[in-house]
Amino acid sequence: IVSHIDADGLQPLSALLQLDMSFNLLSSLPAELFHANSQLKDINFAHNQLRELHPALLHQLMHLKQLNLAQNHLEDASWLQRLAPALNRLALRVDLSSNRLQSLNLSSLLFFEHVQLADNRWNCSWLVRHMLRTPPASLNFARSWPMLSAWSVKELLNIQGVDCFDGQQNRSMVLLDVGAARLEMGSNCDCDEPKDELATLTP
């Protein structure tokens, strides 16, 4: 179990392409940690205790493709605005699920391949305001909630939902595509075509 990394701990590994430090007890990372590792493509710090990232931490990583920071204690993600200028964000996948984020500058995430944001401590007012604007498909706030289908008690539906906090009170929003559910129900329905009884009446 690792709880500390020196600023020059990765310096001898200048050709490093992948780093997996998941399932440790890291609470912070030195700003200079990756200064000698500009070739890094895949970084995994999931399941640690990181509370914040220095804005300069990822600034020199021009080839980054995967960044997994799930299951940490991050309360801020402004460092995403300080990524390497030459980085192709359209090829970058970021996992920030299960942290302590309450709000984000979504405009800084619009051109990423995918950003996983499920299971954070979103402020309800902020979340509703941005959900109503229909965030791009590359951003995912929801997690799956297995629920019994109202149309078929034999099957479980994976309903998408988002948790948020109003003060200290936890609230949940269910994201249900009723149209898709009806289409699925109709495709499994062995029934006659519905008739418009009014159409048969004479004026």
# chains A, B, ... in the order shown; residues from 1 in each chain; ligands from 1
$ residues_around --residues "A:His130" --least-positions-apart "4" --cutoff "12 Å" --atoms "only C-alpha atoms" --output "list in words"
Ser103, Leu104, Asn105, Leu106, Ser107, Trp122, Asn123, Cys124, Ser125, Trp126, Thr134, Pro135, Pro136, Leu139 and Phe141 of chain A
$ write_last_selection --atoms "N, CA and C atoms" --output "CSV table (one decimal), in the first residue's frame"
chain,number,residue,atom,x,y,z
A,103,SER,N,-20.2,20.8,-8.3
A,103,SER,CA,-20.5,21.5,-9.6
A,103,SER,C,-19.2,21.5,-10.4
A,104,LEU,N,-19.4,21.9,-11.7
A,104,LEU,CA,-18.3,21.8,-12.7
A,104,LEU,C,-18.4,22.9,-13.7
A,105,ASN,N,-17.3,23.3,-14.3
A,105,ASN,CA,-17.4,24.2,-15.5
A,105,ASN,C,-17.5,23.2,-16.7
A,106,LEU,N,-18.8,23.0,-17.1
A,106,LEU,CA,-19.0,22.0,-18.1
A,106,LEU,C,-18.5,22.4,-19.5
A,107,SER,N,-18.3,23.7,-19.7
A,107,SER,CA,-17.8,24.2,-21.0
A,107,SER,C,-16.3,23.6,-21.2
A,122,TRP,N,-23.5,16.2,-6.3
A,122,TRP,CA,-23.9,17.4,-7.0
A,122,TRP,C,-24.9,18.2,-6.3
A,123,ASN,N,-24.7,19.5,-6.4
A,123,ASN,CA,-25.7,20.5,-5.9
A,123,ASN,C,-27.0,20.4,-6.7
A,124,CYS,N,-28.1,20.1,-6.1
A,124,CYS,CA,-29.3,19.9,-6.9
A,124,CYS,C,-29.7,21.0,-7.8
A,125,SER,N,-29.6,22.3,-7.3
A,125,SER,CA,-30.0,23.4,-8.2
A,125,SER,C,-29.1,23.5,-9.4
A,126,TRP,N,-27.8,23.3,-9.2
A,126,TRP,CA,-26.8,23.3,-10.3
A,126,TRP,C,-27.1,22.2,-11.3
A,134,THR,N,-29.7,19.8,-21.5
A,134,THR,CA,-29.3,18.6,-22.2
A,134,THR,C,-27.8,18.6,-22.5
A,135,PRO,N,-27.0,18.1,-21.5
A,135,PRO,CA,-25.5,18.1,-21.7
A,135,PRO,C,-25.2,17.1,-22.8
A,136,PRO,N,-24.0,17.3,-23.4
A,136,PRO,CA,-23.6,16.5,-24.5
A,136,PRO,C,-23.5,15.0,-24.1
A,139,LEU,N,-20.8,13.4,-21.8
A,139,LEU,CA,-20.8,13.6,-20.3
A,139,LEU,C,-21.9,12.6,-19.7
A,141,PHE,N,-23.7,11.7,-16.2
A,141,PHE,CA,-24.0,12.0,-14.8
A,141,PHE,C,-24.7,10.8,-14.1
$ select_by_dssp --residues "stretch 76-161 of chain A" --states "strand (DSSP E)" --output "list in words"
Arg93, Val94, Asp95, His114, Val115, Gln116, Trp122, Asn123, Leu139, Asn140, Arg143, Ser144, Trp145, Pro146, Met147, Leu148, Leu156, Leu157, Asn158, Ile159, Gln160 and Gly161 of chain A
$ write_last_selection --atoms "N, CA and C atoms" --output "PDB file, in the first residue's frame"
ATOM      1  N   ARG A  93     -10.458   9.991 -22.373  1.00  0.00           N
ATOM      2  CA  ARG A  93     -11.542   9.488 -21.530  1.00  0.00           C
ATOM      3  C   ARG A  93     -11.155   9.708 -20.068  1.00  0.00           C
ATOM      4  N   VAL A  94     -12.051  10.362 -19.326  1.00  0.00           N
ATOM      5  CA  VAL A  94     -11.789  10.710 -17.929  1.00  0.00           C
ATOM      6  C   VAL A  94     -12.880  10.113 -17.050  1.00  0.00           C
ATOM      7  N   ASP A  95     -12.475   9.472 -15.963  1.00  0.00           N
ATOM      8  CA  ASP A  95     -13.440   8.912 -15.012  1.00  0.00           C
ATOM      9  C   ASP A  95     -13.302   9.643 -13.680  1.00  0.00           C
ATOM     10  N   HIS A 114     -15.029  11.149 -23.601  1.00  0.00           N
ATOM     11  CA  HIS A 114     -16.031  10.729 -22.612  1.00  0.00           C
ATOM     12  C   HIS A 114     -15.573  11.149 -21.222  1.00  0.00           C
ATOM     13  N   VAL A 115     -16.525  11.639 -20.421  1.00  0.00           N
ATOM     14  CA  VAL A 115     -16.243  12.000 -19.030  1.00  0.00           C
ATOM     15  C   VAL A 115     -17.310  11.356 -18.153  1.00  0.00           C
ATOM     16  N   GLN A 116     -16.882  10.466 -17.272  1.00  0.00           N
ATOM     17  CA  GLN A 116     -17.794   9.770 -16.364  1.00  0.00           C
ATOM     18  C   GLN A 116     -17.895  10.570 -15.060  1.00  0.00           C
ATOM     19  N   TRP A 122     -23.469  16.198  -6.256  1.00  0.00           N
ATOM     20  CA  TRP A 122     -23.908  17.352  -7.028  1.00  0.00           C
ATOM     21  C   TRP A 122     -24.888  18.219  -6.251  1.00  0.00           C
ATOM     22  N   ASN A 123     -24.721  19.518  -6.390  1.00  0.00           N
ATOM     23  CA  ASN A 123     -25.698  20.464  -5.877  1.00  0.00           C
ATOM     24  C   ASN A 123     -26.955  20.362  -6.733  1.00  0.00           C
ATOM     25  N   LEU A 139     -20.782  13.418 -21.787  1.00  0.00           N
ATOM     26  CA  LEU A 139     -20.800  13.563 -20.333  1.00  0.00           C
ATOM     27  C   LEU A 139     -21.860  12.647 -19.742  1.00  0.00           C
ATOM     28  N   ASN A 140     -21.479  11.862 -18.759  1.00  0.00           N
ATOM     29  CA  ASN A 140     -22.442  10.960 -18.125  1.00  0.00           C
ATOM     30  C   ASN A 140     -22.536  11.249 -16.632  1.00  0.00           C
ATOM     31  N   ARG A 143     -26.107   6.904 -13.054  1.00  0.00           N
ATOM     32  CA  ARG A 143     -25.711   5.529 -12.769  1.00  0.00           C
ATOM     33  C   ARG A 143     -26.944   4.645 -12.900  1.00  0.00           C
ATOM     34  N   SER A 144     -26.720   3.365 -13.069  1.00  0.00           N
ATOM     35  CA  SER A 144     -27.831   2.440 -13.285  1.00  0.00           C
ATOM     36  C   SER A 144     -28.494   2.064 -11.970  1.00  0.00           C
ATOM     37  N   TRP A 145     -29.820   2.078 -11.975  1.00  0.00           N
ATOM     38  CA  TRP A 145     -30.614   1.612 -10.842  1.00  0.00           C
ATOM     39  C   TRP A 145     -31.482   0.456 -11.320  1.00  0.00           C
ATOM     40  N   PRO A 146     -31.203  -0.774 -10.936  1.00  0.00           N
ATOM     41  CA  PRO A 146     -32.084  -1.887 -11.311  1.00  0.00           C
ATOM     42  C   PRO A 146     -33.461  -1.711 -10.663  1.00  0.00           C
ATOM     43  N   MET A 147     -34.504  -1.754 -11.477  1.00  0.00           N
ATOM     44  CA  MET A 147     -35.867  -1.588 -10.975  1.00  0.00           C
ATOM     45  C   MET A 147     -36.786  -2.576 -11.677  1.00  0.00           C
ATOM     46  N   LEU A 148     -37.844  -2.965 -10.993  1.00  0.00           N
ATOM     47  CA  LEU A 148     -38.849  -3.808 -11.630  1.00  0.00           C
ATOM     48  C   LEU A 148     -39.605  -3.004 -12.675  1.00  0.00           C
ATOM     49  N   LEU A 156     -36.062  -6.998 -14.954  1.00  0.00           N
ATOM     50  CA  LEU A 156     -35.565  -5.784 -14.322  1.00  0.00           C
ATOM     51  C   LEU A 156     -35.131  -4.806 -15.403  1.00  0.00           C
ATOM     52  N   LEU A 157     -35.508  -3.559 -15.230  1.00  0.00           N
ATOM     53  CA  LEU A 157     -35.050  -2.517 -16.136  1.00  0.00           C
ATOM     54  C   LEU A 157     -33.892  -1.773 -15.494  1.00  0.00           C
ATOM     55  N   ASN A 158     -32.883  -1.450 -16.270  1.00  0.00           N
ATOM     56  CA  ASN A 158     -31.796  -0.624 -15.777  1.00  0.00           C
ATOM     57  C   ASN A 158     -32.157   0.840 -15.998  1.00  0.00           C
ATOM     58  N   ILE A 159     -32.761   1.431 -14.990  1.00  0.00           N
ATOM     59  CA  ILE A 159     -33.145   2.831 -15.047  1.00  0.00           C
ATOM     60  C   ILE A 159     -31.929   3.685 -14.702  1.00  0.00           C
ATOM     61  N   GLN A 160     -31.758   4.786 -15.419  1.00  0.00           N
ATOM     62  CA  GLN A 160     -30.667   5.703 -15.130  1.00  0.00           C
ATOM     63  C   GLN A 160     -31.129   6.742 -14.113  1.00  0.00           C
ATOM     64  N   GLY A 161     -30.279   7.018 -13.133  1.00  0.00           N
ATOM     65  CA  GLY A 161     -30.627   7.991 -12.111  1.00  0.00           C
ATOM     66  C   GLY A 161     -29.428   8.803 -11.673  1.00  0.00           C
TER      67      GLY A 161
END
$ residues_around --residues "A:Asn44" --least-positions-apart "4" --cutoff "9 Å" --atoms "only C-alpha atoms" --output "list in words"
Gln18, Leu19, Asp20, Met21, Ser22, Gln66, Leu67, Asn68, Leu69 and Ala70 of chain A
$ write_last_selection --atoms "all heavy atoms" --output "short mmCIF file (atom, residue, chain, number, x, y, z; two decimals), in the first residue's frame"
data_model
loop_
_atom_site.label_atom_id
_atom_site.label_comp_id
_atom_site.auth_asym_id
_atom_site.auth_seq_id
_atom_site.Cartn_x
_atom_site.Cartn_y
_atom_site.Cartn_z
N GLN A 18 2.19 3.71 -19.27
CA GLN A 18 1.02 3.38 -18.45
C GLN A 18 1.41 3.36 -16.98
O GLN A 18 2.45 2.81 -16.61
CB GLN A 18 0.45 2.02 -18.86
CG GLN A 18 -0.79 1.61 -18.10
CD GLN A 18 -1.36 0.28 -18.60
OE1 GLN A 18 -0.81 -0.33 -19.51
NE2 GLN A 18 -2.46 -0.16 -18.02
N LEU A 19 0.56 3.97 -16.15
CA LEU A 19 0.81 4.00 -14.71
C LEU A 19 -0.47 3.61 -13.97
O LEU A 19 -1.51 4.23 -14.15
CB LEU A 19 1.24 5.41 -14.27
CG LEU A 19 1.44 5.60 -12.77
CD1 LEU A 19 2.63 4.78 -12.27
CD2 LEU A 19 1.63 7.08 -12.43
N ASP A 20 -0.38 2.57 -13.16
CA ASP A 20 -1.52 2.11 -12.37
C ASP A 20 -1.16 2.17 -10.89
O ASP A 20 -0.39 1.35 -10.39
CB ASP A 20 -1.91 0.69 -12.76
CG ASP A 20 -3.23 0.25 -12.12
OD1 ASP A 20 -3.68 0.91 -11.16
OD2 ASP A 20 -3.81 -0.75 -12.59
N MET A 21 -1.71 3.16 -10.20
CA MET A 21 -1.50 3.32 -8.76
C MET A 21 -2.83 3.22 -8.03
O MET A 21 -3.02 3.84 -6.98
CB MET A 21 -0.83 4.67 -8.48
CG MET A 21 0.58 4.82 -9.03
SD MET A 21 1.78 3.75 -8.18
CE MET A 21 1.79 4.48 -6.56
N SER A 22 -3.74 2.46 -8.57
CA SER A 22 -5.07 2.32 -7.97
C SER A 22 -5.00 1.50 -6.68
O SER A 22 -4.04 0.77 -6.44
CB SER A 22 -6.03 1.67 -8.96
OG SER A 22 -5.55 0.39 -9.36
N GLN A 66 -6.29 7.99 -21.32
CA GLN A 66 -7.16 7.50 -20.25
C GLN A 66 -6.69 8.09 -18.92
O GLN A 66 -5.51 8.02 -18.59
CB GLN A 66 -7.09 5.97 -20.15
CG GLN A 66 -7.53 5.23 -21.40
CD GLN A 66 -9.02 4.96 -21.42
OE1 GLN A 66 -9.73 5.22 -20.45
NE2 GLN A 66 -9.50 4.43 -22.53
N LEU A 67 -7.64 8.65 -18.17
CA LEU A 67 -7.35 9.18 -16.84
C LEU A 67 -8.45 8.72 -15.89
O LEU A 67 -9.58 9.17 -15.98
CB LEU A 67 -7.28 10.71 -16.88
CG LEU A 67 -7.04 11.41 -15.54
CD1 LEU A 67 -5.70 10.99 -14.94
CD2 LEU A 67 -7.09 12.93 -15.71
N ASN A 68 -8.09 7.81 -15.00
CA ASN A 68 -9.08 7.23 -14.08
C ASN A 68 -8.82 7.74 -12.66
O ASN A 68 -7.81 7.40 -12.04
CB ASN A 68 -9.00 5.71 -14.12
CG ASN A 68 -10.16 5.06 -13.36
OD1 ASN A 68 -10.89 5.73 -12.63
ND2 ASN A 68 -10.32 3.76 -13.53
N LEU A 69 -9.75 8.55 -12.17
CA LEU A 69 -9.66 9.10 -10.81
C LEU A 69 -10.91 8.75 -10.00
O LEU A 69 -11.25 9.45 -9.04
CB LEU A 69 -9.48 10.62 -10.88
CG LEU A 69 -8.16 11.10 -11.48
CD1 LEU A 69 -8.24 12.57 -11.85
CD2 LEU A 69 -7.01 10.86 -10.52
N ALA A 70 -11.57 7.68 -10.38
CA ALA A 70 -12.79 7.27 -9.69
C ALA A 70 -12.50 6.87 -8.25
O ALA A 70 -11.39 6.46 -7.91
CB ALA A 70 -13.44 6.10 -10.43
#
$ residues_around --residues "A:Leu53" --least-positions-apart "6" --cutoff "8 Å" --atoms "only C-alpha atoms" --output "MDAnalysis selection string"
chainID A and resid 28:29 31 77 79
$ select_by_dssp --residues "stretch 5-189 of chain A" --states "alpha helix (DSSP H)" --output "JSON, numbers by chain"
{"A": [124, 125, 126, 127, 128, 129, 130, 131, 178, 179, 180, 181, 182, 183, 184, 185, 186, 187]}
$ write_last_selection --atoms "C-alpha atoms" --output "mmCIF file, in the first residue's frame"
data_model
loop_
_atom_site.group_PDB
_atom_site.id
_atom_site.type_symbol
_atom_site.label_atom_id
_atom_site.label_comp_id
_atom_site.auth_asym_id
_atom_site.auth_seq_id
_atom_site.Cartn_x
_atom_site.Cartn_y
_atom_site.Cartn_z
ATOM 1 C CA CYS A 124 -29.338 19.879 -6.866
ATOM 2 C CA SER A 125 -29.960 23.406 -8.164
ATOM 3 C CA TRP A 126 -26.811 23.325 -10.280
ATOM 4 C CA LEU A 127 -27.567 19.846 -11.582
ATOM 5 C CA VAL A 128 -31.164 20.567 -12.592
ATOM 6 C CA ARG A 129 -30.132 23.786 -14.309
ATOM 7 C CA HIS A 130 -27.583 21.964 -16.450
ATOM 8 C CA MET A 131 -29.614 18.814 -17.036
ATOM 9 C CA VAL A 178 -40.755 6.625 -21.570
ATOM 10 C CA GLY A 179 -40.820 6.536 -25.359
ATOM 11 C CA ALA A 180 -38.125 3.872 -25.481
ATOM 12 C CA ALA A 181 -39.892 1.858 -22.796
ATOM 13 C CA ARG A 182 -43.145 1.933 -24.746
ATOM 14 C CA LEU A 183 -41.384 0.848 -27.911
ATOM 15 C CA GLU A 184 -39.839 -2.071 -26.052
ATOM 16 C CA MET A 185 -43.200 -2.967 -24.562
ATOM 17 C CA GLY A 186 -44.813 -2.825 -27.984
ATOM 18 C CA SER A 187 -42.205 -5.067 -29.556
#
$ residues_around --residues "A:Asn170" --least-positions-apart "2" --cutoff "10 Å" --atoms "only C-alpha atoms" --output "number ranges by chain"
A: 121-124, 163-168, 172
$ write_last_selection --atoms "N, CA and C atoms" --output "compact mmCIF listing (two decimals), in the first residue's frame"
# COMPACT_ATOMS: atom_id res chain seq x y z
N ARG A 121 -21.40 14.36 -5.41
CA ARG A 121 -22.27 15.06 -4.47
C ARG A 121 -22.80 16.35 -5.12
N TRP A 122 -23.47 16.20 -6.26
CA TRP A 122 -23.91 17.35 -7.03
C TRP A 122 -24.89 18.22 -6.25
N ASN A 123 -24.72 19.52 -6.39
CA ASN A 123 -25.70 20.46 -5.88
C ASN A 123 -26.95 20.36 -6.73
N CYS A 124 -28.11 20.14 -6.11
CA CYS A 124 -29.34 19.88 -6.87
C CYS A 124 -29.70 21.03 -7.80
N ASP A 163 -28.01 11.19 -8.28
CA ASP A 163 -28.17 11.67 -6.91
C ASP A 163 -27.66 13.10 -6.82
N CYS A 164 -28.31 13.89 -5.97
CA CYS A 164 -27.82 15.25 -5.71
C CYS A 164 -28.15 15.62 -4.27
N PHE A 165 -27.62 16.74 -3.83
CA PHE A 165 -27.78 17.15 -2.44
C PHE A 165 -28.33 18.57 -2.37
N ASP A 166 -29.37 18.71 -1.58
CA ASP A 166 -29.98 20.01 -1.31
C ASP A 166 -29.69 20.32 0.16
N GLY A 167 -28.60 21.05 0.39
CA GLY A 167 -28.11 21.19 1.76
C GLY A 167 -27.54 19.85 2.19
N GLN A 168 -28.05 19.31 3.28
CA GLN A 168 -27.63 18.00 3.75
C GLN A 168 -28.57 16.88 3.32
N SER A 172 -32.85 12.20 -5.26
CA SER A 172 -32.55 11.36 -6.42
C SER A 172 -33.48 11.72 -7.56
$ residues_around --residues "stretch 32-34 of chain A" --least-positions-apart "5" --cutoff "8 Å" --atoms "only C-alpha atoms" --output "ChimeraX atom specification"
/A:6-11,56-58,60-61
